[in-house]
Amino acid sequence: MSFFPRIFFQREVEEYLTKVFRNNELITALGTQEAESKYQSLLSHLSHPPAFSTVRVNTHLASVKHVKKLLFEEIQKQFKGLCVPVLEHPKLQDILLIPVIGPRRDLKKHASEVIVGAQCGYAVLRGAHVYVPGIISTSRFLKAGDLVSVYSDIEGKCKKGAKEFEGVKVFLGNGISELSRSEIFSSRGPLNGLGIRMIEPVYLSPSFGNVLPSQLFLQNLPSVVVSHILNPQPGERILDMCAAPGGKTTHLAALMHDQGIVIAMDKVANKVKKIKQNAELLQLNCIKAFCYDGTKALSVEKREDEQEGPPFLPESFDRILLDAPCSGMGQRPNMAYTSTLKEVTSYKPLQRKLFAVAVKLLKPGGVLVYSTCTITLSENEEQVAWALKAFPCLQLQPQEPHIGGEGMRGAGLPLDQLKLLQRFDPSAVTLQGMDISSLQDFREDDLISLANKDCIGFFIAKFIKSNSK
């Protein structure tokens, strides 16, 4: 049963999505009732966090067994002795899975309230404490040490510094205020420290702030799958076209045992700085990060210099990851998607520009993996159909590991091609809560199966470029 309201979209976006998930191919295959049921289930899932926290072990520095032991001890401390398992994934041998306990329906709400922004609220639902920049409003007489109930302003209508808020707010749990109201909204300028320490979150999930920072990377399960599917090899030259904040970049480098070169690009300077920081923290030296627009990364003429950065000559890379900018509709939790239809549909031409550059930069026999964290057909299966027509040199390839579902009908792709695609669809499982007692009843295989399905919405396609010109 759904604990939060289903995700809210602007009217035009909702109408657009409704057509996508009621397309003729889908209705013919599933029937109207099942197609509609899956769509409504998806909308409910998107407003809730995934059923597991996923962390990738930096195998460049530490073994999975060692980190598993340390992480189990840390979680026991955070959860005050509650026995929550840390699971190894049989097909993704560098990740650990921690079940998320919740939603907890019996929490008592306090009179003193704190309102946080939507993004801060989503972080809380995935295990974070509340930091001062995320706080929008507090009760009038809030003091340090007060017990407070924390709410998310999912529509963004609360005014900064308000003393009360009667708009739409979603209860996230209870915490202890680290600061007074006057300190939080100080006239001396914004603070950046911890504002509310969550002690009774609606969803109990570990906080990973400064926990084994060089050995762990918090990453969604499908995002880990992508790098395994690209399967980079030591000594190869790899391109991560849209790389920030560097989770997949650092994973590729670790899979290559830090041997070879991983070129990471992003067109936002601060994001490139973050990639470099993550590479340094994880002690990965084969990563070279550049602030550059991927659509302009192809050089039309040979350069005299030996510059290793972009633009690059054609056929410069053994493997390319295009984790494309997208509408991000698969991200969870999200209770109010604020983008307009114009914004949603703006990604398709950008993705095609990037894709065309990627094909030219790839060596014959090389591998291209295209991925998004969204649920639309236009950015996923329709892009695959377009690519196969636009670039006869490309062939779809099987994916290993293949733990998501097949591609979605509606783009005219035949069933054999849909089976080569991988779409992670949270609606594939029933939305269910998990408490400590029910957790003990699950077999480990069942928990792994749940983790594979109850994750963010995601899409992956893998191509090989034929040797023939």
# chains A, B, ... in the order shown; residues from 1 in each chain; ligands from 1
call {"tool": "residues_around", "arguments": {"residues": "Gln422 in chain A", "least_positions_apart": "3", "cutoff": "6 Å", "atoms": "only C-alpha atoms", "output": "ChimeraX atom specification"}}
result
/A:404-407,459-460
call {"tool": "write_last_selection", "arguments": {"atoms": "all heavy atoms", "output": "PDB file, in the first residue's frame"}}
result
ATOM      1  N   GLY A 404      17.759  -6.432 -15.128  1.00  0.00           N
ATOM      2  CA  GLY A 404      16.529  -5.653 -15.281  1.00  0.00           C
ATOM      3  C   GLY A 404      15.581  -6.354 -16.228  1.00  0.00           C
ATOM      4  O   GLY A 404      15.824  -7.496 -16.645  1.00  0.00           O
ATOM      5  N   GLY A 405      14.498  -5.682 -16.605  1.00  0.00           N
ATOM      6  CA  GLY A 405      13.551  -6.244 -17.564  1.00  0.00           C
ATOM      7  C   GLY A 405      13.958  -5.929 -18.991  1.00  0.00           C
ATOM      8  O   GLY A 405      14.946  -5.241 -19.243  1.00  0.00           O
ATOM      9  N   GLU A 406      13.193  -6.434 -19.948  1.00  0.00           N
ATOM     10  CA  GLU A 406      13.457  -6.134 -21.356  1.00  0.00           C
ATOM     11  C   GLU A 406      12.949  -4.728 -21.691  1.00  0.00           C
ATOM     12  O   GLU A 406      12.304  -4.069 -20.880  1.00  0.00           O
ATOM     13  CB  GLU A 406      12.785  -7.181 -22.245  1.00  0.00           C
ATOM     14  CG  GLU A 406      11.272  -7.184 -22.126  1.00  0.00           C
ATOM     15  CD  GLU A 406      10.635  -8.340 -22.895  1.00  0.00           C
ATOM     16  OE1 GLU A 406      11.216  -9.444 -22.920  1.00  0.00           O
ATOM     17  OE2 GLU A 406       9.537  -8.128 -23.446  1.00  0.00           O
ATOM     18  N   GLY A 407      13.257  -4.272 -22.908  1.00  0.00           N
ATOM     19  CA  GLY A 407      12.811  -2.952 -23.346  1.00  0.00           C
ATOM     20  C   GLY A 407      11.292  -2.870 -23.442  1.00  0.00           C
ATOM     21  O   GLY A 407      10.596  -3.885 -23.522  1.00  0.00           O
ATOM     22  N   PHE A 459      17.563   2.826 -17.929  1.00  0.00           N
ATOM     23  CA  PHE A 459      17.559   2.179 -19.244  1.00  0.00           C
ATOM     24  C   PHE A 459      18.992   2.022 -19.732  1.00  0.00           C
ATOM     25  O   PHE A 459      19.814   2.924 -19.587  1.00  0.00           O
ATOM     26  CB  PHE A 459      16.774   3.029 -20.244  1.00  0.00           C
ATOM     27  CG  PHE A 459      16.790   2.485 -21.649  1.00  0.00           C
ATOM     28  CD1 PHE A 459      15.871   1.502 -22.017  1.00  0.00           C
ATOM     29  CD2 PHE A 459      17.697   2.945 -22.587  1.00  0.00           C
ATOM     30  CE1 PHE A 459      15.880   0.988 -23.311  1.00  0.00           C
ATOM     31  CE2 PHE A 459      17.706   2.426 -23.879  1.00  0.00           C
ATOM     32  CZ  PHE A 459      16.799   1.455 -24.245  1.00  0.00           C
ATOM     33  N   ILE A 460      19.277   0.849 -20.341  1.00  0.00           N
ATOM     34  CA  ILE A 460      20.621   0.583 -20.870  1.00  0.00           C
ATOM     35  C   ILE A 460      20.516  -0.108 -22.236  1.00  0.00           C
ATOM     36  O   ILE A 460      19.746  -1.060 -22.397  1.00  0.00           O
ATOM     37  CB  ILE A 460      21.443  -0.325 -19.932  1.00  0.00           C
ATOM     38  CG1 ILE A 460      21.419   0.185 -18.488  1.00  0.00           C
ATOM     39  CG2 ILE A 460      22.890  -0.429 -20.422  1.00  0.00           C
ATOM     40  CD1 ILE A 460      22.030  -0.780 -17.476  1.00  0.00           C
TER      41      ILE A 460
END
call {"tool": "closest_atom_pairs", "arguments": {"of": "range 213-252 of chain A", "to": "range 327-338 of chain A", "cutoff": "12 Å", "atoms": "only C-alpha atoms", "output": "CSV"}}
result
residue,atom,partner,partner_atom,distance
A:Asn220,CA,A:Gln331,CA,9.6
A:Leu221,CA,A:Gln331,CA,12.0
A:Pro222,CA,A:Gly330,CA,11.0
A:Ser223,CA,A:Gln331,CA,11.5
call {"tool": "closest_atom_pairs", "arguments": {"of": "range 76-169 of chain A", "to": "range 7-31 of chain A", "cutoff": "12 Å", "atoms": "only C-alpha atoms", "output": "JSON lines"}}
result
{"residue": "A:Ile154", "atom": "CA", "partner": "A:Phe8", "partner_atom": "CA", "distance": 9.4}
{"residue": "A:Glu155", "atom": "CA", "partner": "A:Phe8", "partner_atom": "CA", "distance": 9.1}
{"residue": "A:Val168", "atom": "CA", "partner": "A:Phe8", "partner_atom": "CA", "distance": 11.9}
call {"tool": "write_last_selection", "arguments": {"atoms": "N, CA and C atoms", "output": "short mmCIF file (atom, residue, chain, number, x, y, z; two decimals), in the first residue's frame"}}
result
data_model
loop_
_atom_site.label_atom_id
_atom_site.label_comp_id
_atom_site.auth_asym_id
_atom_site.auth_seq_id
_atom_site.Cartn_x
_atom_site.Cartn_y
_atom_site.Cartn_z
N ILE A 154 7.07 19.74 -0.84
CA ILE A 154 7.30 19.11 -2.14
C ILE A 154 6.94 20.01 -3.32
N GLU A 155 6.10 21.02 -3.10
CA GLU A 155 5.70 21.90 -4.20
C GLU A 155 6.52 23.19 -4.26
N VAL A 168 1.06 22.12 1.23
CA VAL A 168 1.24 20.67 1.13
C VAL A 168 2.62 20.29 1.68
#
call {"tool": "residues_around", "arguments": {"residues": "Gly309 in chain A", "least_positions_apart": "5", "cutoff": "12 Å", "atoms": "only C-alpha atoms", "output": "ChimeraX atom specification"}}
result
/A:239,261-265,287-294,297-299,303,316
call {"tool": "write_last_selection", "arguments": {"atoms": "C-alpha atoms", "output": "PDB file, in the first residue's frame"}}
result
ATOM      1  CA  LEU A 239      35.536   7.813 -22.837  1.00  0.00           C
ATOM      2  CA  ILE A 261      43.067   5.801 -19.458  1.00  0.00           C
ATOM      3  CA  VAL A 262      39.558   6.991 -18.692  1.00  0.00           C
ATOM      4  CA  ILE A 263      38.708  10.367 -20.208  1.00  0.00           C
ATOM      5  CA  ALA A 264      35.839  12.001 -18.329  1.00  0.00           C
ATOM      6  CA  MET A 265      34.038  15.029 -19.761  1.00  0.00           C
ATOM      7  CA  ILE A 287      41.217   9.286 -14.860  1.00  0.00           C
ATOM      8  CA  LYS A 288      41.691  12.512 -16.836  1.00  0.00           C
ATOM      9  CA  ALA A 289      38.769  14.936 -16.417  1.00  0.00           C
ATOM     10  CA  PHE A 290      38.037  17.836 -18.761  1.00  0.00           C
ATOM     11  CA  CYS A 291      35.487  20.633 -18.843  1.00  0.00           C
ATOM     12  CA  TYR A 292      34.157  20.223 -22.377  1.00  0.00           C
ATOM     13  CA  ASP A 293      30.893  19.987 -24.301  1.00  0.00           C
ATOM     14  CA  GLY A 294      30.519  16.412 -25.542  1.00  0.00           C
ATOM     15  CA  ALA A 297      34.327  16.532 -28.804  1.00  0.00           C
ATOM     16  CA  LEU A 298      35.077  15.380 -32.382  1.00  0.00           C
ATOM     17  CA  SER A 299      38.092  16.953 -34.096  1.00  0.00           C
ATOM     18  CA  ARG A 303      46.302  18.467 -34.430  1.00  0.00           C
ATOM     19  CA  SER A 316      40.080   7.278 -30.719  1.00  0.00           C
TER      20      SER A 316
END
call {"tool": "residues_around", "arguments": {"residues": "range 317-323 of chain A", "least_positions_apart": "5", "cutoff": "9 Å", "atoms": "only C-alpha atoms", "output": "PyMOL selection string"}}
result
chain A and resi 226-227+230-232+236-243+248+351+354-355+358-359+361-373+460
call {"tool": "select_by_dssp", "arguments": {"residues": "range 162-201 of chain A", "states": "alpha helix (DSSP H)", "output": "MDAnalysis selection string"}}
result
chainID A and resid 181:184
call {"tool": "write_last_selection", "arguments": {"atoms": "N, CA and C atoms", "output": "compact mmCIF listing (two decimals), in the first residue's frame"}}
result
# COMPACT_ATOMS: atom_id res chain seq x y z
N ARG A 181 16.43 28.60 16.03
CA ARG A 181 15.89 29.27 14.84
C ARG A 181 16.76 30.46 14.44
N SER A 182 17.17 31.27 15.42
CA SER A 182 17.96 32.46 15.11
C SER A 182 19.32 32.09 14.51
N GLU A 183 19.89 30.96 14.93
CA GLU A 183 21.16 30.53 14.34
C GLU A 183 20.96 30.02 12.92
N ILE A 184 19.87 29.30 12.69
CA ILE A 184 19.59 28.76 11.34
C ILE A 184 19.40 29.89 10.34
call {"tool": "select_by_dssp", "arguments": {"residues": "range 23-87 of chain A", "states": "strand (DSSP E or B)", "output": "ChimeraX atom specification"}}
result
/A:52-57,87
call {"tool": "atom_distance", "arguments": {"atom1": "CA of Val211 in chain A", "atom2": "CA of Val64 in chain A"}}
result
15.0 Å
call {"tool": "residues_around", "arguments": {"residues": "Ser177 in chain A", "least_positions_apart": "2", "cutoff": "12 Å", "atoms": "only C-alpha atoms", "output": "number ranges by chain"}}
result
A: 112-114, 129-132, 135, 138-139, 141-150, 174-175, 179-181, 183-184, 193-199
